[in-house]
>>> print(open('model_27.txt').read())   # compact mmCIF, C-alpha atoms
# COMPACT_ATOMS: atom_id res chain seq x y z
CA MET A 1 -51.00 -59.36 51.05
CA ARG A 2 -48.21 -57.47 52.77
CA PRO A 3 -49.74 -55.07 55.34
CA PHE A 4 -49.31 -51.36 54.67
CA ARG A 5 -48.45 -49.52 57.87
CA LEU A 6 -50.38 -46.25 58.09
CA ARG A 7 -49.76 -45.25 61.70
CA PRO A 8 -48.32 -47.22 64.62
CA ASN A 9 -51.87 -48.20 65.62
CA VAL A 10 -53.46 -48.65 62.16
CA THR A 11 -52.75 -51.18 59.41
CA LEU A 12 -54.61 -51.37 56.12
CA VAL A 13 -56.94 -54.37 56.23
CA PRO A 14 -58.33 -56.03 53.05
CA ARG A 15 -62.11 -56.32 53.01
CA ALA A 16 -64.54 -58.56 51.14
CA PRO A 17 -63.98 -58.63 47.36
CA LEU A 18 -66.30 -56.75 45.03
CA GLY A 19 -68.96 -58.33 42.86
CA PRO A 20 -71.03 -59.28 41.10
CA PHE A 21 -70.72 -56.41 38.65
CA PRO A 22 -73.90 -54.98 37.10
CA GLN A 23 -74.71 -56.17 33.59
CA PRO A 24 -74.30 -55.29 30.80
CA GLN A 25 -70.71 -54.39 31.62
CA ASN A 26 -70.56 -51.60 29.05
CA TYR A 27 -68.83 -49.16 31.40
CA GLU A 28 -65.14 -48.46 31.88
CA LEU A 29 -63.20 -50.10 34.69
CA PRO A 30 -60.24 -48.32 36.31
CA ALA A 31 -56.67 -49.18 35.51
CA PRO A 32 -54.63 -50.53 38.44
CA ARG A 33 -53.59 -47.71 40.74
CA ALA A 34 -50.83 -47.80 43.34
CA TYR A 35 -51.97 -46.91 46.83
CA VAL A 36 -50.10 -43.67 47.49
CA ARG A 37 -51.45 -41.18 50.00
CA ASP A 38 -52.09 -37.92 48.18
CA LEU A 39 -53.84 -34.86 49.61
CA TYR A 40 -55.12 -34.06 46.11
CA TYR A 41 -56.58 -37.53 45.49
CA TYR A 42 -59.64 -37.89 47.71
CA ARG A 43 -60.17 -41.27 49.39
CA GLY A 44 -63.21 -41.12 51.61
CA ASN A 45 -66.61 -42.51 52.54
CA PHE A 46 -68.74 -39.74 54.00
CA CYS A 47 -71.89 -41.90 54.10
CA GLY A 48 -71.28 -45.60 53.83
CA LEU A 49 -69.52 -47.30 56.73
CA HIS A 50 -72.09 -49.71 58.16
CA TYR A 51 -72.24 -50.96 61.75
CA ALA A 52 -74.94 -53.39 62.81
CA ASP A 53 -74.70 -52.10 66.39
CA ALA A 54 -74.51 -48.37 65.62
CA PRO A 55 -76.54 -46.34 68.10
CA VAL A 56 -79.33 -43.99 67.07
CA VAL A 57 -78.06 -40.41 67.25
CA PRO A 58 -79.53 -37.04 66.25
CA GLY A 59 -79.57 -36.64 62.48
CA CYS A 60 -79.25 -40.31 61.57
CA ASN A 61 -81.99 -42.43 60.03
CA ASP A 62 -83.38 -44.06 63.16
CA GLN A 63 -84.92 -46.80 60.97
CA ARG A 64 -81.51 -47.55 59.44
CA PRO A 65 -78.90 -46.43 62.00
CA GLU A 66 -76.27 -48.88 60.74
CA CYS A 67 -75.31 -46.43 57.97
CA VAL A 68 -73.06 -43.86 59.65
CA MET A 69 -72.49 -40.38 58.21
CA ALA A 70 -69.11 -38.79 58.87
CA CYS A 71 -70.68 -35.35 59.35
CA LEU A 72 -72.61 -36.73 62.35
CA LEU A 73 -69.60 -38.39 63.98
CA ASP A 74 -69.53 -35.70 66.70
CA ASN A 75 -72.92 -37.04 67.92
CA TYR A 76 -71.65 -40.55 68.69
CA PRO A 77 -70.13 -41.78 71.98
CA ARG A 78 -66.35 -41.43 72.29
CA GLU A 79 -65.76 -45.18 72.10
CA PHE A 80 -67.73 -45.45 68.86
CA GLN A 81 -65.91 -42.44 67.39
CA ASP A 82 -62.52 -44.07 67.96
CA ARG A 83 -63.72 -47.38 66.54
CA TYR A 84 -65.01 -45.57 63.45
CA LEU A 85 -61.78 -43.61 62.97
CA HIS A 86 -59.71 -46.79 63.25
CA ASP A 87 -61.89 -48.72 60.80
CA TYR A 88 -62.01 -45.78 58.42
CA ALA A 89 -58.23 -45.54 58.27
CA ALA A 90 -57.78 -49.33 58.11
CA ALA A 91 -60.06 -49.44 55.04
CA GLY A 92 -57.61 -47.15 53.25
CA TYR A 93 -59.62 -43.96 53.44
CA THR A 94 -57.44 -40.89 53.90
CA HIS A 95 -59.89 -37.95 53.85
CA LEU A 96 -62.48 -37.60 56.62
CA GLN A 97 -65.36 -35.22 56.00
CA ARG A 98 -65.90 -32.82 58.90
CA SER A 99 -68.84 -30.41 59.04
CA ILE A 100 -68.67 -27.58 61.53
CA GLY A 101 -72.26 -26.58 60.69
CA HIS A 102 -73.62 -29.97 61.71
CA SER A 103 -71.45 -30.04 64.81
CA LEU A 104 -72.63 -26.66 66.10
CA PHE A 105 -76.26 -27.32 65.20
CA TYR A 106 -76.31 -30.46 67.33
CA GLY A 107 -74.91 -28.63 70.35
CA HIS A 108 -71.17 -29.27 70.17
CA SER A 109 -68.71 -26.45 70.72
CA VAL A 110 -65.98 -25.44 68.30
CA ASP A 111 -63.47 -26.76 70.84
CA GLU A 112 -65.17 -30.16 70.89
CA HIS A 113 -65.20 -30.21 67.09
CA ILE A 114 -61.50 -29.42 67.05
CA ALA A 115 -60.74 -32.15 69.59
CA LEU A 116 -62.39 -34.83 67.44
CA SER A 117 -60.52 -33.58 64.36
CA GLN A 118 -57.27 -33.79 66.31
CA ARG A 119 -58.02 -37.40 67.22
CA ALA A 120 -58.74 -38.12 63.57
CA GLU A 121 -55.26 -36.86 62.69
CA SER A 122 -53.76 -39.37 65.13
CA PHE A 123 -55.18 -42.11 62.88
CA GLY A 124 -53.44 -40.60 59.86
CA LEU A 125 -56.55 -38.93 58.43
CA TRP A 126 -56.72 -35.61 56.62
CA ARG A 127 -59.52 -33.40 57.92
CA ASP A 128 -61.86 -32.19 55.16
CA GLU A 129 -63.87 -29.30 56.61
CA TRP A 130 -67.19 -28.30 54.99
CA PHE A 131 -68.58 -24.88 55.85
CA LEU A 132 -71.79 -23.34 54.47
CA GLY A 133 -75.23 -24.88 54.03
CA ALA A 134 -74.93 -27.43 56.83
CA GLU A 135 -77.65 -26.96 59.44
CA ALA A 136 -76.10 -24.12 61.46
CA PHE A 137 -74.93 -22.19 58.38
CA ASN A 138 -77.81 -22.44 55.92
CA ALA A 139 -78.97 -18.82 55.67
CA ARG A 140 -80.30 -18.23 52.19
CA ASP A 141 -79.17 -15.79 49.50
CA GLN A 142 -76.39 -14.02 51.40
CA ASP A 143 -73.06 -12.70 50.11
CA TRP A 144 -69.53 -12.67 51.48
CA GLY A 145 -70.21 -9.39 53.26
CA TYR A 146 -72.59 -11.35 55.48
CA TRP A 147 -70.68 -14.62 55.71
CA SER A 148 -67.26 -13.11 56.39
CA GLY A 149 -68.49 -12.00 59.81
CA VAL A 150 -70.30 -15.29 60.54
CA ILE A 151 -68.12 -18.09 59.21
CA GLY A 152 -64.86 -16.11 59.00
CA PRO A 153 -64.05 -16.25 62.74
CA VAL A 154 -64.90 -19.97 62.79
CA ILE A 155 -62.53 -20.61 59.89
CA ASP A 156 -59.83 -18.70 61.76
CA ARG A 157 -60.26 -20.86 64.87
CA LEU A 158 -60.17 -24.13 62.93
CA VAL A 159 -57.17 -23.06 60.86
CA GLY A 160 -55.41 -21.78 63.98
CA ALA A 161 -55.91 -25.19 65.59
CA GLY A 162 -54.38 -26.89 62.54
CA VAL A 163 -57.40 -29.09 61.79
CA VAL A 164 -58.22 -28.02 58.21
CA ASP A 165 -56.22 -30.05 55.71
CA THR A 166 -58.66 -29.62 52.83
CA ALA A 167 -62.02 -27.87 52.60
CA CYS A 168 -65.32 -27.42 50.79
CA VAL A 169 -67.05 -24.04 50.52
CA GLY A 170 -70.39 -25.62 51.34
CA TRP A 171 -73.02 -28.22 50.78
CA GLN A 172 -75.29 -28.01 47.71
CA LEU A 173 -74.34 -24.43 46.92
CA ASP A 174 -77.03 -24.03 44.27
CA GLN A 175 -79.74 -24.65 46.87
CA TRP A 176 -78.82 -21.90 49.35
CA ASN A 177 -77.25 -19.09 47.37
CA GLN A 178 -77.75 -16.62 44.54
CA PRO A 179 -76.15 -17.30 41.15
CA GLY A 180 -73.54 -14.99 39.74
CA ASN A 181 -71.35 -12.58 41.66
CA PRO A 182 -72.83 -13.13 45.15
CA LEU A 183 -71.80 -16.79 45.14
CA ILE A 184 -68.52 -16.17 43.31
CA GLY A 185 -67.73 -13.58 45.98
CA ILE A 186 -68.34 -16.15 48.74
CA ILE A 187 -66.00 -18.63 47.07
CA ALA A 188 -63.32 -15.98 46.50
CA GLY A 189 -63.61 -14.65 50.05
CA MET A 190 -63.31 -18.10 51.59
CA ALA A 191 -60.44 -19.03 49.29
CA VAL A 192 -58.49 -16.01 50.52
CA ARG A 193 -59.42 -16.61 54.17
CA LEU A 194 -58.05 -20.16 54.06
CA PRO A 195 -54.33 -20.85 53.66
CA GLN A 196 -53.36 -21.40 50.02
CA THR A 197 -51.99 -24.82 51.01
CA VAL A 198 -55.56 -26.00 51.78
CA PRO A 199 -57.19 -27.49 48.64
CA LEU A 200 -60.64 -25.99 48.18
CA TYR A 201 -63.68 -27.59 46.51
CA THR A 202 -67.36 -26.90 45.88
CA HIS A 203 -70.40 -29.19 46.06
CA TRP A 204 -73.61 -28.85 44.05
CA VAL A 205 -76.91 -30.54 43.34
CA ASN A 206 -76.57 -29.91 39.61
CA GLU A 207 -74.03 -32.05 37.79
CA ALA A 208 -72.49 -29.12 35.91
CA LEU A 209 -70.74 -28.04 39.12
CA ALA A 210 -71.22 -24.36 38.35
CA TRP A 211 -73.93 -21.73 38.68
CA TRP A 212 -74.07 -18.50 36.73
CA LYS A 213 -76.55 -15.68 36.36
CA THR A 214 -78.88 -16.02 33.38
CA GLY A 215 -77.67 -13.68 30.66
CA GLY A 216 -74.22 -13.43 32.22
CA GLU A 217 -72.60 -11.06 34.70
CA VAL A 218 -69.17 -9.45 34.71
CA TRP A 219 -66.92 -10.58 37.55
CA SER A 220 -63.79 -8.55 38.32
CA ASP A 221 -60.98 -9.28 40.75
CA ARG A 222 -57.27 -8.56 40.85
CA PHE A 223 -56.68 -11.49 38.49
CA GLN A 224 -59.09 -10.76 35.64
CA THR A 225 -62.36 -9.25 34.41
CA ILE A 226 -64.61 -11.83 32.81
CA ASN A 227 -68.22 -12.15 31.68
CA VAL A 228 -69.41 -15.29 33.46
CA HIS A 229 -72.24 -16.66 31.32
CA ASP A 230 -71.79 -20.45 31.21
CA ARG A 231 -70.01 -23.26 33.05
CA PHE A 232 -66.82 -22.75 31.06
CA SER A 233 -66.47 -19.06 31.91
CA TRP A 234 -67.54 -19.82 35.50
CA TRP A 235 -64.61 -22.17 35.99
CA LEU A 236 -62.27 -19.76 34.21
CA ALA A 237 -63.15 -17.29 36.95
CA MET A 238 -62.38 -19.95 39.57
CA GLN A 239 -58.74 -20.46 38.55
CA PRO A 240 -57.24 -18.48 41.47
CA TYR A 241 -59.58 -20.01 44.04
CA LEU A 242 -60.64 -23.62 43.58
CA THR A 243 -58.88 -26.97 43.36
CA GLY A 244 -61.87 -28.84 41.95
CA GLY A 245 -65.38 -30.09 42.57
CA HIS A 246 -67.20 -32.78 44.54
CA HIS A 247 -69.57 -34.47 42.10
CA GLN A 248 -73.12 -35.37 43.14
CA GLY A 249 -75.12 -37.53 40.76
CA ASP A 250 -78.38 -39.45 40.61
CA THR A 251 -78.01 -42.39 43.00
CA GLN A 252 -80.52 -44.49 41.07
CA MET A 253 -78.48 -43.94 37.93
CA ALA A 254 -75.34 -45.00 39.77
CA ARG A 255 -76.98 -48.27 40.75
CA HIS A 256 -78.65 -49.08 37.43
CA ASP A 257 -76.81 -47.27 34.61
CA LEU A 258 -73.13 -46.88 35.46
CA LYS A 259 -72.20 -46.11 31.86
CA LEU A 260 -74.50 -43.07 31.73
CA TYR A 261 -73.21 -41.91 35.10
CA GLN A 262 -69.62 -42.18 33.85
CA ASP A 263 -70.54 -40.32 30.66
CA LYS A 264 -72.02 -37.45 32.67
CA MET A 265 -68.89 -37.22 34.80
CA ARG A 266 -66.71 -37.34 31.70
CA ASP A 267 -68.64 -34.35 30.34
CA THR A 268 -66.92 -32.32 33.07
CA THR A 269 -63.55 -34.05 33.35
CA GLU A 270 -62.77 -33.64 29.64
CA PRO A 271 -63.15 -29.82 29.68
CA PHE A 272 -61.10 -29.78 32.90
CA ALA A 273 -58.36 -31.73 31.16
CA ASP A 274 -58.32 -29.93 27.81
CA GLY A 275 -58.17 -26.44 29.29
CA ARG A 276 -61.54 -25.07 28.12
CA MET A 277 -62.30 -24.32 31.78
CA GLY A 278 -58.81 -23.13 32.58
CA ARG A 279 -56.50 -24.61 35.18
CA SER A 280 -56.39 -24.32 38.94
CA GLN A 281 -53.80 -21.80 40.12
CA ARG A 282 -54.49 -22.30 43.82
CA ASN A 283 -51.26 -22.55 45.78
CA GLY A 284 -49.38 -21.74 42.56
CA ARG A 285 -49.83 -25.26 41.19
CA ASP A 286 -51.11 -24.60 37.61
CA VAL A 287 -52.83 -27.99 37.20
CA PRO A 288 -56.18 -29.16 35.79
CA PHE A 289 -59.14 -28.87 38.12
CA VAL A 290 -60.03 -32.24 39.59
CA LEU A 291 -63.36 -33.98 40.04
CA ASP A 292 -64.09 -36.73 42.54
CA ALA A 293 -67.05 -39.10 42.62
CA PHE A 294 -68.28 -37.76 45.91
CA GLU A 295 -71.98 -38.52 46.27
CA SER A 296 -72.94 -41.55 44.20
CA SER A 297 -74.79 -43.92 46.57
CA ALA A 298 -75.21 -41.99 49.83
CA GLN A 299 -78.96 -41.41 49.68
CA GLU A 300 -79.61 -45.05 48.85
CA GLN A 301 -77.44 -46.20 51.76
CA PHE A 302 -78.96 -43.71 54.20
CA ASP A 303 -82.60 -44.42 53.35
CA GLU A 304 -84.45 -47.39 54.75
CA VAL A 305 -86.10 -47.57 51.34
CA GLY A 306 -85.22 -45.49 48.33
CA ALA A 307 -86.96 -42.28 47.41
CA TYR A 308 -88.47 -44.09 44.39
CA GLY A 309 -90.22 -46.92 46.21
CA LYS A 310 -89.72 -50.27 47.90
CA GLY A 311 -88.17 -53.48 46.69
CA PRO A 312 -84.72 -54.93 45.89
CA ASN A 313 -83.91 -52.14 43.43
CA TYR A 314 -84.76 -49.31 45.81
CA GLY A 315 -82.97 -48.23 48.92
CA GLY A 316 -81.09 -50.60 51.15
CA CYS A 317 -77.85 -50.09 49.23
CA SER A 318 -75.11 -51.96 51.09
CA GLU A 319 -71.61 -50.76 51.87
CA LEU A 320 -70.26 -53.38 49.44
CA GLU A 321 -72.46 -52.17 46.58
CA GLY A 322 -71.56 -48.57 47.35
CA ASP A 323 -67.86 -49.45 47.18
CA LEU A 324 -68.38 -51.26 43.87
CA ILE A 325 -70.00 -48.12 42.45
CA GLY A 326 -67.11 -46.03 43.76
CA TYR A 327 -64.60 -48.41 42.20
CA VAL A 328 -66.24 -48.18 38.77
CA LEU A 329 -66.56 -44.38 38.91
CA SER A 330 -62.90 -44.03 39.87
CA ALA A 331 -62.17 -44.88 36.23
CA VAL A 332 -63.25 -41.37 35.22
CA ALA A 333 -63.04 -39.38 38.46
CA THR A 334 -59.71 -37.57 38.29
CA GLY A 335 -59.74 -36.52 41.93
CA GLY A 336 -60.74 -39.70 43.74
CA TYR A 337 -63.93 -40.76 45.52
CA GLY A 338 -65.85 -39.61 48.59
CA ASN A 339 -68.61 -42.23 48.87
CA GLY A 340 -66.51 -45.36 49.36
CA ALA A 341 -64.54 -47.68 47.09
CA ARG A 342 -62.21 -50.66 47.18
CA ASN A 343 -60.34 -52.79 44.66
CA VAL A 344 -61.91 -55.93 43.17
CA ASP A 345 -59.92 -58.11 45.60
CA GLY A 346 -61.03 -56.01 48.57
CA SER A 347 -57.75 -54.17 49.03
CA ALA A 348 -57.55 -50.42 49.51
CA LEU A 349 -58.02 -48.39 46.34
>>> encode(input="model_27.txt", output="structure tokens")
Amino acid sequence: MRPFRLRPNVTLVPRAPLGPFPQPQNYELPAPRAYVRDLYYYRGNFCGLHYADAPVVPGCNDQRPECVMACLLDNYPREFQDRYLHDYAAAGYTHLQRSIGHSLFYGHSVDEHIALSQRAESFGLWRDEWFLGAEAFNARDQDWGYWSGVIGPVIDRLVGAGVVDTACVGWQLDQWNQPGNPLIGIIAGMAVRLPQTVPLYTHWVNEALAWWKTGGEVWSDRFQTINVHDRFSWWLAMQPYLTGGHHQGDTQMARHDLKLYQDKMRDTTEPFADGRMGRSQRNGRDVPFVLDAFESSAQEQFDEVGAYGKGPNYGGCSELEGDLIGYVLSAVATGGYGNGARNVDGSAL
């Protein structure tokens, strides 16, 4: 394989090939895809790089410290951070999740957070900043009137330092916020606060990737007035603001029923593609919203044993298995993957 030069100090390195594939193989496999760096095609592994000698740090699973979460990278020693950044880039990943809420909660300053993001850029990585719902910013049931004064100045500092290439409004938005206009207002306010050139996503626990008020509620802005009463009208309201969504699914399903997992993702990607949910107008692009397979094996990799019990089918998911799942899901995920993937031969996907 001819090496692909990413940066003067980083070359893409093939890893172990995938396999064996789960049976029955009734799920779709992705068509060959050229490796072309694209800000709008997410290539990441926020919870899935494994190091046998990883130290125990605050926030990690101290019974399974080998699974390293990107949002906790600030907590590791400098030497380990640089090793991780190099390996991450060499594996072909291009988007590195950053989480200012985790960083501040564990005692790091905004300046320290910025410094690590700047080092990540030197390895050719795009910095994907996540804002609300992460430890330091998990106040419940607030609106943009509250958050604009709390997270707004932090956004300004990070943007001013040039370390926000892409962003997510927050973690598991349906766990920390109110449905309807309060949450829509947060998304709209953050979308305006960030430069239009920064792609903006949301992350949810529910697979519909939307959250509306029961019975509907009228949302008005300078673009439109719309009764938001279901997931279709919710995304129609998001056209000026969002680029797409980070999909979170059942990690047991991902390990044991890939076809059903794909079908559930397709339930969203098809309405994105056919226009029933409108099209993203962020940065004047007029393109379909995108969906990436973001959280498909993370909990299984992080846990010493799975949430459902012990044994070979629970917990202990390896980096290789996680990448196999990511590879299969990339067949239907229009926006890439955030929980690891590689090609069948081990090359960068």
>>> closest_residue(input="model_27.txt", among="A:Tyr88, A:Tyr40, A:Trp212, A:Trp130", to="Phe289 (chain A)", atoms="all atoms listed in the file")
A:Tyr40
>>> residues_around(input="model_27.txt", residues="Val344 (chain A)", least_positions_apart="6", cutoff="10 Å", atoms="only C-alpha atoms", output="ChimeraX atom specification")
/A:15-21,323-324,327-328
>>> closest_residue(input="model_27.txt", among="A:Pro77, A:Asp292, A:Ala70, A:Ala89", to="Val10 (chain A)", atoms="only C-alpha atoms")
A:Ala89
>>> residues_around(input="model_27.txt", residues="Ser347 (chain A)", least_positions_apart="3", cutoff="7 Å", atoms="all atoms listed in the file", output="list in words")
Pro14, Arg15, Arg342 and Asn343 of chain A
>>> residues_near_point(input="model_27.txt", point="(-58.7, -32.1, 29.4)", cutoff="12 Å", atoms="all atoms listed in the file", output="number ranges by chain")
A: 266-279, 287-291, 332, 334
>>> closest_residue(input="model_27.txt", among="A:Tyr106, A:Phe131, A:Tyr35, A:Tyr146", to="Tyr93 (chain A)", atoms="only C-alpha atoms")
A:Tyr35
